[in-house]
>>> print(open('input22.cif').read())   # mmCIF, C-alpha atoms
data_work
#
loop_
_atom_site.label_atom_id
_atom_site.label_comp_id
_atom_site.auth_asym_id
_atom_site.auth_seq_id
_atom_site.Cartn_x
_atom_site.Cartn_y
_atom_site.Cartn_z
CA MET A 23 27.74 -6.84 2.85
CA ASN A 24 24.89 -4.35 2.65
CA ASN A 25 26.34 -0.85 2.59
CA SER A 26 23.03 0.97 2.33
CA ARG A 27 22.37 3.79 4.74
CA ARG A 28 19.15 3.81 6.76
CA PHE A 29 17.75 7.27 7.41
CA VAL A 30 14.85 7.99 9.75
CA ILE A 31 13.25 11.40 9.24
CA GLY A 32 11.01 13.18 11.73
CA ASP A 33 7.73 15.04 11.29
CA VAL A 34 7.71 16.99 8.00
CA HIS A 35 4.22 18.53 8.28
CA GLY A 36 4.14 19.75 4.69
CA CYS A 37 7.51 21.54 4.82
CA THR A 38 8.63 20.11 1.49
CA LEU A 39 11.36 22.61 0.65
CA THR A 40 13.01 21.85 3.96
CA LEU A 41 12.74 18.12 3.26
CA GLN A 42 14.28 18.54 -0.18
CA ARG A 43 17.14 20.57 1.29
CA LEU A 44 17.73 17.85 3.88
CA LEU A 45 17.71 15.09 1.25
CA ALA A 46 20.21 17.05 -0.85
CA THR A 47 22.51 17.33 2.16
CA LEU A 48 22.23 13.59 2.77
CA LYS A 49 23.04 12.87 -0.90
CA VAL A 50 20.46 10.08 -0.99
CA THR A 51 21.00 7.35 -3.60
CA ASP A 52 19.05 4.27 -4.68
CA LYS A 53 21.22 2.22 -2.32
CA ASP A 54 19.74 4.02 0.70
CA GLN A 55 16.60 3.40 2.73
CA ILE A 56 14.43 6.20 4.10
CA PHE A 57 11.88 5.80 6.87
CA PHE A 58 9.45 8.59 7.75
CA LEU A 59 7.90 8.77 11.22
CA GLY A 60 4.50 10.03 10.06
CA ASP A 61 2.88 13.46 10.21
CA LEU A 62 3.97 14.14 6.65
CA ILE A 63 0.98 16.45 6.26
CA ASP A 64 -1.01 19.31 7.88
CA ARG A 65 0.00 22.67 9.39
CA GLY A 66 2.72 23.37 6.82
CA PRO A 67 2.17 24.81 3.32
CA ARG A 68 3.05 21.90 1.00
CA SER A 69 1.51 18.59 2.10
CA LYS A 70 0.80 17.43 -1.46
CA GLN A 71 4.34 18.22 -2.53
CA THR A 72 5.69 16.21 0.41
CA ILE A 73 3.82 13.10 -0.73
CA ASP A 74 4.88 13.78 -4.32
CA SER A 75 8.50 13.91 -3.11
CA ILE A 76 8.09 10.43 -1.65
CA PHE A 77 6.63 9.19 -4.93
CA ALA A 78 9.56 10.76 -6.80
CA LEU A 79 12.10 9.07 -4.53
CA ARG A 80 10.46 5.70 -5.14
CA GLU A 81 10.52 6.28 -8.89
CA LYS A 82 14.29 6.82 -8.59
CA GLY A 83 14.65 3.44 -6.90
CA VAL A 84 15.07 4.68 -3.34
CA GLN A 85 13.48 2.41 -0.74
CA VAL A 86 11.03 4.66 1.11
CA ARG A 87 8.55 3.72 3.82
CA SER A 88 6.47 5.79 6.18
CA ILE A 89 4.47 4.95 9.24
CA LEU A 90 1.09 6.36 10.18
CA GLY A 91 1.10 9.57 12.20
CA ASN A 92 -1.82 10.96 14.15
CA HIS A 93 -2.36 13.54 11.39
CA GLU A 94 -2.64 10.88 8.68
CA LYS A 95 -5.01 9.04 11.00
CA MET A 96 -7.16 12.18 11.32
CA LEU A 97 -7.19 12.52 7.54
CA LEU A 98 -8.44 8.94 7.19
CA GLU A 99 -11.07 9.47 9.89
CA ALA A 100 -12.18 12.64 8.08
CA THR A 101 -13.42 10.48 5.20
CA ARG A 102 -15.97 8.85 7.52
CA ASN A 103 -18.17 11.75 8.62
CA ASN A 104 -18.40 15.52 8.74
CA SER A 105 -17.62 15.89 12.45
CA ALA A 106 -14.31 14.05 11.97
CA HIS A 107 -13.63 16.24 8.95
CA GLN A 108 -14.19 19.37 11.03
CA ALA A 109 -11.93 18.04 13.80
CA TRP A 110 -9.20 17.50 11.23
CA MET A 111 -9.69 21.06 9.96
CA LEU A 112 -8.98 22.36 13.46
CA ASN A 113 -5.67 20.49 13.46
CA GLY A 114 -4.19 21.86 10.26
CA GLY A 115 -6.15 19.83 7.73
CA HIS A 116 -7.23 22.97 5.87
CA LYS A 117 -3.61 23.53 4.83
CA THR A 118 -3.52 20.03 3.39
CA LEU A 119 -6.73 20.52 1.41
CA LYS A 120 -5.38 23.80 0.05
CA SER A 121 -2.16 22.15 -1.10
CA PHE A 122 -4.18 19.49 -2.97
CA GLY A 123 -6.51 22.13 -4.42
CA ILE A 124 -9.66 20.45 -3.06
CA LYS A 125 -12.48 21.44 -0.68
CA HIS A 126 -13.12 18.07 1.00
CA ILE A 127 -10.97 15.02 1.64
CA LEU A 128 -13.41 12.85 -0.33
CA ASP A 129 -12.21 14.71 -3.43
CA LEU A 130 -8.65 13.44 -2.94
CA ASP A 131 -7.14 11.65 -5.92
CA LYS A 132 -7.10 7.86 -5.58
CA LYS A 133 -3.33 7.46 -5.65
CA TYR A 134 -2.99 9.70 -2.59
CA SER A 135 -5.83 8.11 -0.64
CA GLU A 136 -4.33 4.68 -1.33
CA PHE A 137 -0.97 5.93 -0.07
CA PHE A 138 -2.46 7.09 3.23
CA ARG A 139 -4.38 3.84 3.67
CA SER A 140 -1.20 1.85 3.07
CA LEU A 141 0.66 3.30 6.07
CA SER A 142 1.37 0.96 8.99
CA TYR A 143 1.46 1.78 12.70
CA PHE A 144 5.07 0.70 13.13
CA ILE A 145 8.18 -0.53 11.37
CA GLN A 146 10.63 -2.99 12.89
CA THR A 147 14.24 -3.56 11.92
CA ASP A 148 16.66 -5.91 13.63
CA ASP A 149 17.82 -3.15 15.98
CA PHE A 150 15.11 -0.47 16.05
CA LEU A 151 11.36 -0.06 16.40
CA LEU A 152 9.84 2.97 14.70
CA THR A 153 6.52 4.41 15.84
CA HIS A 154 5.08 7.86 15.43
CA ALA A 155 4.63 8.77 19.10
CA GLY A 156 5.92 5.96 21.30
CA ILE A 157 4.58 2.79 22.88
CA ASN A 158 2.47 1.60 25.79
CA ASN A 159 4.86 -0.16 28.18
CA LEU A 160 2.06 -1.17 30.56
CA ILE A 161 0.91 -4.10 28.42
CA ASP A 162 2.75 -7.29 27.52
CA ASN A 163 2.91 -6.49 23.80
CA PRO A 164 3.13 -2.72 23.14
CA LEU A 165 2.48 -3.33 19.44
CA HIS A 166 -1.11 -4.20 20.28
CA ASP A 167 -1.88 -0.60 21.33
CA SER A 168 -2.19 1.36 18.09
CA SER A 169 -3.58 4.44 19.84
CA ALA A 170 -0.46 4.81 21.97
CA MET A 171 1.72 4.52 18.89
CA LEU A 172 -0.12 7.54 17.46
CA TRP A 173 -0.72 9.73 20.50
CA THR A 174 1.33 8.91 23.60
CA ARG A 175 3.68 11.44 25.18
CA ASN A 176 5.29 8.74 27.33
CA ASN A 177 9.08 8.62 27.06
CA GLU A 178 9.63 5.27 28.74
CA VAL A 179 10.70 2.16 26.88
CA ASP A 180 10.87 -1.41 28.16
CA ARG A 181 13.23 -2.88 25.59
CA LYS A 182 12.53 -6.43 26.75
CA LYS A 183 8.98 -6.02 25.40
CA ILE A 184 10.17 -4.97 21.94
CA GLY A 185 12.82 -7.60 21.33
CA GLY A 186 15.70 -5.60 22.77
CA ARG A 187 15.25 -2.92 20.14
CA ARG A 188 15.64 0.81 20.68
CA LEU A 189 12.68 3.04 19.88
CA ILE A 190 12.65 5.97 17.43
CA SER A 191 9.67 8.33 17.48
CA GLY A 192 8.51 11.80 16.53
CA HIS A 193 5.19 13.47 17.47
CA THR A 194 6.39 15.55 20.43
CA PRO A 195 8.59 18.48 19.37
CA HIS A 196 11.95 18.66 21.12
CA LEU A 197 14.79 21.15 21.12
CA LEU A 198 18.00 20.12 19.39
CA PRO A 199 20.01 19.59 22.62
CA GLU A 200 17.30 17.17 23.80
CA ILE A 201 17.29 15.33 20.47
CA ARG A 202 21.07 15.02 20.45
CA ALA A 203 21.03 13.77 24.05
CA SER A 204 18.54 11.04 23.08
CA ILE A 205 20.67 9.59 20.28
CA HIS A 206 22.27 6.94 22.50
CA SER A 207 19.26 6.36 24.77
CA ASP A 208 16.51 3.75 24.61
CA LYS A 209 14.16 6.25 22.93
CA ILE A 210 15.38 8.60 20.22
CA TRP A 211 13.26 11.70 19.58
CA LEU A 212 13.32 13.07 16.04
CA ASP A 213 10.61 15.75 15.97
CA GLY A 214 12.51 19.04 15.90
CA GLY A 215 9.32 21.09 15.54
CA CYS A 216 10.09 21.87 11.90
CA VAL A 217 6.68 23.42 11.17
CA TYR A 218 6.93 25.71 14.21
CA TYR A 219 9.84 27.69 12.75
CA LYS A 220 9.90 31.21 14.26
CA LYS A 221 6.77 30.37 16.28
CA TYR A 222 8.49 28.82 19.28
CA PRO A 223 12.09 29.58 20.33
CA GLY A 224 14.46 26.77 19.39
CA SER A 225 12.00 25.06 17.04
CA GLY A 226 12.06 24.80 13.26
CA HIS A 227 14.32 21.81 12.59
CA LEU A 228 13.84 18.73 10.41
CA CYS A 229 16.00 15.87 11.67
CA ALA A 230 17.38 12.74 10.03
CA PHE A 231 18.99 9.92 12.01
CA GLU A 232 21.18 7.37 10.23
CA MET A 233 20.69 4.05 12.01
CA ASN A 234 24.02 2.47 11.04
CA SER A 235 26.29 5.32 12.12
CA SER A 236 24.03 7.06 14.70
CA GLU A 237 24.72 10.33 12.90
CA LEU A 238 22.15 13.13 13.20
CA THR A 239 21.64 15.58 10.34
CA VAL A 240 19.60 18.72 10.94
CA GLN A 241 18.04 21.14 8.47
CA VAL A 242 16.49 24.41 9.60
CA ASN A 243 13.10 25.22 8.03
CA VAL A 244 13.34 27.07 4.73
CA ASP A 245 9.70 26.79 3.63
CA TYR A 246 8.49 30.01 5.19
CA ASP A 247 11.48 32.08 4.07
CA LEU A 248 10.98 30.88 0.48
CA ILE A 249 7.20 31.22 0.17
#
>>> encode(input="input22.cif", output="structure tokens")
Amino acid sequence: MNNSRRFVIGDVHGCTLTLQRLLATLKVTDKDQIFFLGDLIDRGPRSKQTIDSIFALREKGVQVRSILGNHEKMLLEATRNNSAHQAWMLNGGHKTLKSFGIKHILDLDKKYSEFFRSLSYFIQTDDFLLTHAGINNLIDNPLHDSSAMLWTRNNEVDRKKIGGRRLISGHTPHLLPEIRASIHSDKIWLDGGCVYYKKYPGSGHLCAFEMNSSELTVQVNVDYDLI
């Protein structure tokens, strides 16, 4: 019997100290699996350190996967032309460049660019579908709409179209009572607005959902208090 725990973690947005505090609370071991819902980068102060934390977990034998968020997508688009680079800057990309100590995304070290290019739009398990934002329920196969998986604000889920699975997504910040209320619904929201700590009332939480037990673990942002 596989006794590994399966944690899904919401939008980190470069809040690495908060992530590390959350992982310490979870007491993650190499028997566990960790799934990130994308938006690992931008807006927060430590995007590079967040990716380095993922690398470090993998080196310890922890199974770690992440899906593509709209912010990783903007980073990848920023490598194509200057206008896309400027659009990314307006959405928090400048914080990411600062954390990597570079002026332009084309200067990014190869191991990091390869990591971002490796991210998939979704992850499926036997019982859950993970996407960054949600899915398009208006088409026969929602997995054919990659844009919706990155950007939608739609809460609806037609489970028949995704093999009876429940959906777990981030992208849209929610207050903790809303997140807790979603735990047993068809769509679980895990973006607690971590990076918006002290900016919006009720925000500032990084959330982890354990898929086997349905337990929710919450860590309040510590990155800004410890800068």
>>> residues_around(input="input22.cif", residues="Val30 of chain A", least_positions_apart="5", cutoff="8 Å", atoms="only C-alpha atoms", output="MDAnalysis selection string")
chainID A and resid 56:59 230:233
>>> closest_residue(input="input22.cif", among="A:Lys125, A:Asn159, A:Leu79, A:His196", to="Val179 of chain A", atoms="all atoms listed in the file")
A:Asn159
>>> closest_atom_pairs(input="input22.cif", of="segment 94-190 of chain A", to="segment 207-226 of chain A", cutoff="6 Å", atoms="only C-alpha atoms", output="tab-separated table")
residue	atom	partner	partner_atom	distance
A:Arg188	CA	A:Asp208	CA	5.0
A:Leu189	CA	A:Lys209	CA	4.7
A:Ile190	CA	A:Ile210	CA	4.7
>>> resolve_selection(input="input22.cif", expression="the PyMOL selection byres ((chain A and resi 135) around 12)", output="ChimeraX atom specification")
/A:70,73,94-95,97-101,122,127-134,136-141
>>> closest_residue(input="input22.cif", among="A:Asn177, A:Gln55, A:Ser236, A:Gln146", to="Ile205 of chain A", atoms="all atoms listed in the file")
A:Ser236
>>> closest_residue(input="input22.cif", among="A:Gly60, A:Gly156, A:Gly36, A:Gly192", to="His116 of chain A", atoms="all atoms listed in the file")
A:Gly36
>>> residues_around(input="input22.cif", residues="Asn92 of chain A", least_positions_apart="6", cutoff="8 Å", atoms="all atoms listed in the file", output="list of chain:residue names")
A:Gly60, A:Asp61, A:His154, A:Leu172, A:Trp173
>>> closest_residue(input="input22.cif", among="A:Ile145, A:Ile184, A:Val242, A:Met111", to="Asn158 of chain A", atoms="all atoms listed in the file")
A:Ile184
>>> closest_residue(input="input22.cif", among="A:Ala106, A:Leu119, A:Ile89, A:Ile201", to="Leu151 of chain A", atoms="all atoms listed in the file")
A:Ile89
>>> resolve_selection(input="input22.cif", expression="the PyMOL selection byres ((chain A and resi 46-52) around 7)", output="PyMOL selection string")
chain A and resi 42-45+53-54+82-84
>>> atom_distance(input="input22.cif", atom1="atom CA of Tyr143 of chain A", atom2="atom CA of Ile157 of chain A")
10.7 Å
>>> atom_distance(input="input22.cif", atom1="atom CA of Thr153 of chain A", atom2="atom CA of Lys117 of chain A")
24.3 Å
>>> atom_distance(input="input22.cif", atom1="atom CA of Glu178 of chain A", atom2="atom CA of Ile63 of chain A")
26.6 Å
>>> resolve_selection(input="input22.cif", expression="the PyMOL selection byres ((chain A and resi 66) around 9)", output="list of chain:residue names")
A:Val34, A:His35, A:Gly36, A:Cys37, A:Thr38, A:Ile63, A:Asp64, A:Arg65, A:Pro67, A:Arg68, A:Ser69, A:Gly114, A:Lys117, A:Thr118, A:Val217, A:Tyr218, A:Asp245, A:Tyr246
>>> closest_residue(input="input22.cif", among="A:Ser142, A:Leu62, A:Leu238, A:His126", to="Asn104 of chain A", atoms="all atoms listed in the file")
A:His126
>>> build_atoms(input="input22.cif", residues="segment 133-149 of chain A", atoms="N, CA and C atoms", output="short mmCIF file (atom, residue, chain, number, x, y, z; two decimals), keeping the file's coordinate frame")
data_model
loop_
_atom_site.label_atom_id
_atom_site.label_comp_id
_atom_site.auth_asym_id
_atom_site.auth_seq_id
_atom_site.Cartn_x
_atom_site.Cartn_y
_atom_site.Cartn_z
N LYS A 133 -4.69 7.91 -5.95
CA LYS A 133 -3.33 7.46 -5.65
C LYS A 133 -2.85 7.98 -4.30
N TYR A 134 -3.37 9.16 -3.90
CA TYR A 134 -2.99 9.70 -2.59
C TYR A 134 -3.77 9.02 -1.47
N SER A 135 -5.05 8.80 -1.67
CA SER A 135 -5.83 8.11 -0.64
C SER A 135 -5.31 6.70 -0.41
N GLU A 136 -4.90 6.02 -1.48
CA GLU A 136 -4.33 4.68 -1.33
C GLU A 136 -3.00 4.73 -0.57
N PHE A 137 -2.23 5.77 -0.81
CA PHE A 137 -0.97 5.93 -0.07
C PHE A 137 -1.24 6.05 1.42
N PHE A 138 -2.18 6.91 1.80
CA PHE A 138 -2.46 7.09 3.23
C PHE A 138 -3.00 5.81 3.86
N ARG A 139 -3.83 5.09 3.12
CA ARG A 139 -4.38 3.84 3.67
C ARG A 139 -3.32 2.75 3.79
N SER A 140 -2.24 2.88 3.06
CA SER A 140 -1.20 1.85 3.07
C SER A 140 -0.25 1.96 4.26
N LEU A 141 -0.31 3.06 4.99
CA LEU A 141 0.66 3.30 6.07
C LEU A 141 0.40 2.38 7.26
N SER A 142 1.47 1.85 7.84
CA SER A 142 1.37 0.96 8.99
C SER A 142 1.65 1.73 10.28
N TYR A 143 1.28 1.13 11.40
CA TYR A 143 1.46 1.78 12.70
C TYR A 143 2.91 1.75 13.17
N PHE A 144 3.68 0.81 12.68
CA PHE A 144 5.07 0.70 13.13
C PHE A 144 5.90 0.01 12.07
N ILE A 145 7.22 0.18 12.19
CA ILE A 145 8.18 -0.53 11.37
C ILE A 145 9.24 -1.10 12.30
N GLN A 146 9.58 -2.35 12.11
CA GLN A 146 10.63 -2.99 12.89
C GLN A 146 11.83 -3.33 12.01
N THR A 147 13.01 -3.04 12.52
CA THR A 147 14.24 -3.56 11.92
C THR A 147 14.87 -4.49 12.96
N ASP A 148 16.02 -5.02 12.67
CA ASP A 148 16.66 -5.91 13.63
C ASP A 148 17.01 -5.18 14.93
N ASP A 149 17.31 -3.89 14.82
CA ASP A 149 17.82 -3.15 15.98
C ASP A 149 16.94 -2.01 16.46
#
